[in-house]
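A.B. asks: Attaching a single structure in structure tokens format; questions to follow.
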Amino acid sequence: MQGPLAGLKILDFSTLLPGPFATMLLADLGADVLHIEAPNKADVVKELLPQLDSGVSASYAYLHRGKNTRTLDLKTVEGLREVEDLLLEYDIVVEQFRPGVMAKFGLDYQTLSTRFPELIYCSITGYGQSGPLAEHAGHDINYLALSGVANSLRRAGERPVASSLQLADIAGGALHAVIGLLAAVIERGTTGKGQQVDISMLDAALSLHPLFGPMQLATNQTIEPEAEALNGGSFYDYYETKDGRYVGVGSLEPKFQQRLSEVLAITNWFELDDVMKKQRVAQAIYAHDFSEWQAMLRNEPELCITPVLTFLEATQQPHAQARGLVENMQLVSPLRFIKTSTEKSK
């Protein structure tokens, strides 16, 4: 069955994570993605462990599913000629080089758009096509640091967390690239003309402060870790169980707080201040093992307490199984399209 993006033809020059994740999402939705690989430049993700029988890493296989791949040397006349031939068919480009690199090959947007005015050209970089940092190298940890996200991901008096989840690469780079690219496709349908989509992972990571960001801009005051209700300054937090695991407590609304106080046997809940609420919740959670909490929470739909799972536990939980989120040792697309039949029964 064709996906909703069938007919889009994308030439993908990206490596590592942001670009490949973006084009994977597009391929999942039916776009025709041709990934261009350099013959003498290894993609670090391709070399990660574990390696599959196909000769690539499990991560690389996931990121490049549903795509075709061709090896081209852009430093040769032959390679550049092949790219020009492909551009007669593929009218969307995704690239992830620092500004100026594609221009060295004559493959920058300014050059190509004169010959292909309908071309949509999505450039994913750390700092964008302009600005003082445009030429700087960087990785996820750098964009998180400069965007204020890293400072938000820490406890008071502690250093930021080095996470295995690349927030700036994915939420900043890949997802914004998909949104920008598809917006350009819609506009091209009206004007017939393409454009360059300038995706800066720093810019996009900075936009990931939709609640606390406007608060701080309005007051010109920094919100410190554990100073507000949603960043550890209230009972809305993670708590240790008796055996050293954790559960997350998110019972914000009054009706959920009422049920929380009942399950945890905390009397006079609404009369307690935030400090005392947090202490009482911590004591109650610590009274039981992780498995006991899992059993108790299984049939509590109005509580908003959940066990903190490992990745493998998350994929094996009944809900993930029922939703079919893993197939053949790979995560599947989380997007679901539900169509309602309008055909009348005869």
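Letters A, B, ... mark the chains of the structure tokens in the order given; residue numbers begin at 1 per chain; ligand numbers begin at 1, in order shown.
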Extract the full set of alpha helix (DSSP H) residues from range 125-161 of chain A according to DSSP on the backbone, and format it as an NGL selection string.

C.D. replies: :A and (140-147 or 149-152)

A.B. asks: Filtering to all heavy atoms, could you give me those residues as a compact mmCIF listing (two decimals), in the first residue's frame?

C.D. replies:
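Final output, selection-v3.txt:
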# COMPACT_ATOMS: atom_id res chain seq x y z
N ASP A 140 25.22 16.98 19.23
CA ASP A 140 24.01 17.12 20.04
C ASP A 140 24.30 17.79 21.38
O ASP A 140 23.59 18.71 21.80
CB ASP A 140 23.39 15.74 20.25
CG ASP A 140 22.08 15.78 21.01
OD1 ASP A 140 21.04 16.04 20.41
OD2 ASP A 140 22.11 15.52 22.23
N ILE A 141 25.35 17.35 22.06
CA ILE A 141 25.66 17.88 23.39
C ILE A 141 25.95 19.38 23.35
O ILE A 141 25.62 20.12 24.27
CB ILE A 141 26.84 17.10 24.02
CG1 ILE A 141 26.93 17.38 25.53
CG2 ILE A 141 28.15 17.41 23.31
CD1 ILE A 141 27.91 16.47 26.24
N ASN A 142 26.53 19.85 22.25
CA ASN A 142 26.86 21.27 22.11
C ASN A 142 25.60 22.12 21.89
O ASN A 142 25.47 23.21 22.45
CB ASN A 142 27.83 21.48 20.95
CG ASN A 142 29.05 20.60 21.05
OD1 ASN A 142 29.30 19.75 20.20
ND2 ASN A 142 29.83 20.77 22.11
N TYR A 143 24.68 21.61 21.07
CA TYR A 143 23.45 22.36 20.80
C TYR A 143 22.57 22.40 22.05
O TYR A 143 21.93 23.41 22.33
CB TYR A 143 22.68 21.74 19.64
CG TYR A 143 23.55 21.36 18.47
CD1 TYR A 143 23.39 20.14 17.81
CD2 TYR A 143 24.58 22.20 18.02
CE1 TYR A 143 24.20 19.78 16.74
CE2 TYR A 143 25.40 21.85 16.97
CZ TYR A 143 25.21 20.63 16.34
OH TYR A 143 26.02 20.26 15.30
N LEU A 144 22.56 21.30 22.81
CA LEU A 144 21.81 21.29 24.06
C LEU A 144 22.41 22.26 25.07
O LEU A 144 21.70 22.95 25.80
CB LEU A 144 21.79 19.87 24.65
CG LEU A 144 21.03 18.81 23.85
CD1 LEU A 144 21.12 17.46 24.54
CD2 LEU A 144 19.57 19.21 23.66
N ALA A 145 23.73 22.33 25.08
CA ALA A 145 24.40 23.24 26.02
C ALA A 145 24.10 24.70 25.68
O ALA A 145 23.79 25.50 26.57
CB ALA A 145 25.91 22.99 25.99
N LEU A 146 24.18 25.06 24.41
CA LEU A 146 24.01 26.45 24.00
C LEU A 146 22.55 26.89 23.95
O LEU A 146 22.27 28.08 23.88
CB LEU A 146 24.66 26.68 22.64
CG LEU A 146 26.19 26.70 22.62
CD1 LEU A 146 26.71 26.81 21.20
CD2 LEU A 146 26.72 27.85 23.46
N SER A 147 21.63 25.95 23.95
CA SER A 147 20.20 26.28 23.86
C SER A 147 19.51 26.39 25.21
O SER A 147 18.33 26.71 25.29
CB SER A 147 19.47 25.23 23.02
OG SER A 147 19.51 23.97 23.68
N VAL A 149 18.86 23.87 27.03
CA VAL A 149 18.20 22.60 27.32
C VAL A 149 19.01 21.80 28.33
O VAL A 149 18.46 21.22 29.27
CB VAL A 149 17.98 21.78 26.02
CG1 VAL A 149 17.45 20.39 26.36
CG2 VAL A 149 17.01 22.50 25.09
N ALA A 150 20.32 21.75 28.15
CA ALA A 150 21.16 20.97 29.07
C ALA A 150 21.02 21.47 30.50
O ALA A 150 20.96 20.68 31.46
CB ALA A 150 22.62 21.03 28.64
N ASN A 151 20.96 22.79 30.67
CA ASN A 151 20.80 23.34 32.02
C ASN A 151 19.45 22.97 32.62
O ASN A 151 19.31 22.89 33.84
CB ASN A 151 20.96 24.86 32.00
CG ASN A 151 21.01 25.45 33.39
OD1 ASN A 151 21.91 25.15 34.17
ND2 ASN A 151 20.03 26.28 33.74
N SER A 152 18.47 22.75 31.76
CA SER A 152 17.15 22.36 32.25
C SER A 152 17.10 20.88 32.63
O SER A 152 16.18 20.47 33.34
CB SER A 152 16.09 22.63 31.16
OG SER A 152 16.04 24.00 30.84

A.B. asks: Could you find all residues in range 87-210 of chain A that DSSP calls strand (DSSP E) from the backbone, and write them as a list in words?

C.D. replies: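 So, restricting range 87-210 of chain A to strand (DSSP E), we get Ile92, Val93, Val94, Glu95, Ile120, Tyr121, Cys122, Ser123, Ile124, Thr125, Gln196, Val197, Asp198, Ile199 and Ser200 of chain A.
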
A.B. asks: Generate a file of the selected residues that holds N, CA, C and O atoms, formatted as a tab-separated table (two decimals), in the first residue's frame.

C.D. replies:
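Result written to result-v1.tsv:
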chain	number	residue	atom	x	y	z
A	92	ILE	N	13.86	16.99	-4.52
A	92	ILE	CA	14.06	17.39	-3.12
A	92	ILE	C	15.43	16.90	-2.69
A	92	ILE	O	15.78	15.73	-2.93
A	93	VAL	N	16.21	17.77	-2.08
A	93	VAL	CA	17.54	17.43	-1.58
A	93	VAL	C	17.58	17.63	-0.07
A	93	VAL	O	17.07	18.63	0.44
A	94	VAL	N	18.17	16.67	0.63
A	94	VAL	CA	18.45	16.82	2.05
A	94	VAL	C	19.96	16.68	2.24
A	94	VAL	O	20.55	15.70	1.78
A	95	GLU	N	20.59	17.68	2.86
A	95	GLU	CA	22.04	17.61	3.10
A	95	GLU	C	22.35	18.13	4.49
A	95	GLU	O	21.59	18.90	5.07
A	120	ILE	N	13.45	21.75	-3.92
A	120	ILE	CA	13.38	22.01	-2.48
A	120	ILE	C	14.66	21.46	-1.87
A	120	ILE	O	15.01	20.29	-2.07
A	121	TYR	N	15.35	22.29	-1.14
A	121	TYR	CA	16.71	21.99	-0.68
A	121	TYR	C	16.76	22.18	0.84
A	121	TYR	O	16.78	23.31	1.33
A	122	CYS	N	16.76	21.09	1.58
A	122	CYS	CA	16.74	21.15	3.04
A	122	CYS	C	18.15	20.97	3.60
A	122	CYS	O	18.76	19.91	3.43
A	123	SER	N	18.65	22.01	4.25
A	123	SER	CA	20.00	21.99	4.83
A	123	SER	C	19.89	21.90	6.35
A	123	SER	O	19.36	22.80	6.99
A	124	ILE	N	20.41	20.80	6.92
A	124	ILE	CA	20.41	20.61	8.37
A	124	ILE	C	21.83	20.84	8.88
A	124	ILE	O	22.76	20.13	8.50
A	125	THR	N	21.99	21.86	9.71
A	125	THR	CA	23.31	22.15	10.28
A	125	THR	C	23.18	22.43	11.77
A	125	THR	O	22.07	22.59	12.29
A	196	GLN	N	15.05	26.91	-0.29
A	196	GLN	CA	15.94	26.28	0.67
A	196	GLN	C	15.32	26.35	2.05
A	196	GLN	O	14.82	27.39	2.47
A	197	VAL	N	15.36	25.24	2.77
A	197	VAL	CA	14.89	25.17	4.14
A	197	VAL	C	16.11	25.11	5.04
A	197	VAL	O	16.87	24.15	5.00
A	198	ASP	N	16.32	26.15	5.81
A	198	ASP	CA	17.51	26.30	6.67
A	198	ASP	C	17.17	25.81	8.07
A	198	ASP	O	16.50	26.50	8.83
A	199	ILE	N	17.64	24.61	8.42
A	199	ILE	CA	17.37	24.02	9.73
A	199	ILE	C	18.62	24.09	10.59
A	199	ILE	O	19.64	23.46	10.29
A	200	SER	N	18.55	24.87	11.65
A	200	SER	CA	19.63	24.94	12.64
A	200	SER	C	19.22	24.15	13.87
A	200	SER	O	18.17	24.42	14.47

A.B. asks: If you count only C-alpha atoms, which residues fall within 12 Å of Phe337 in chain A, apart from same-chain ones fewer than 2 positions away, as number ranges by chain?

C.D. replies: A: 3-4, 29, 333-335, 339-340

A.B. asks: Find, counting only C-alpha atoms, the residue in A:Ala22, A:Val263, A:Ala61, A:Leu11 that gets nearest to Asn299 in chain A.

C.D. replies: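 Of A:Ala22, A:Val263, A:Ala61, A:Leu11, the one nearest Asn299 in chain A, counting only C-alpha atoms, is A:Val263.
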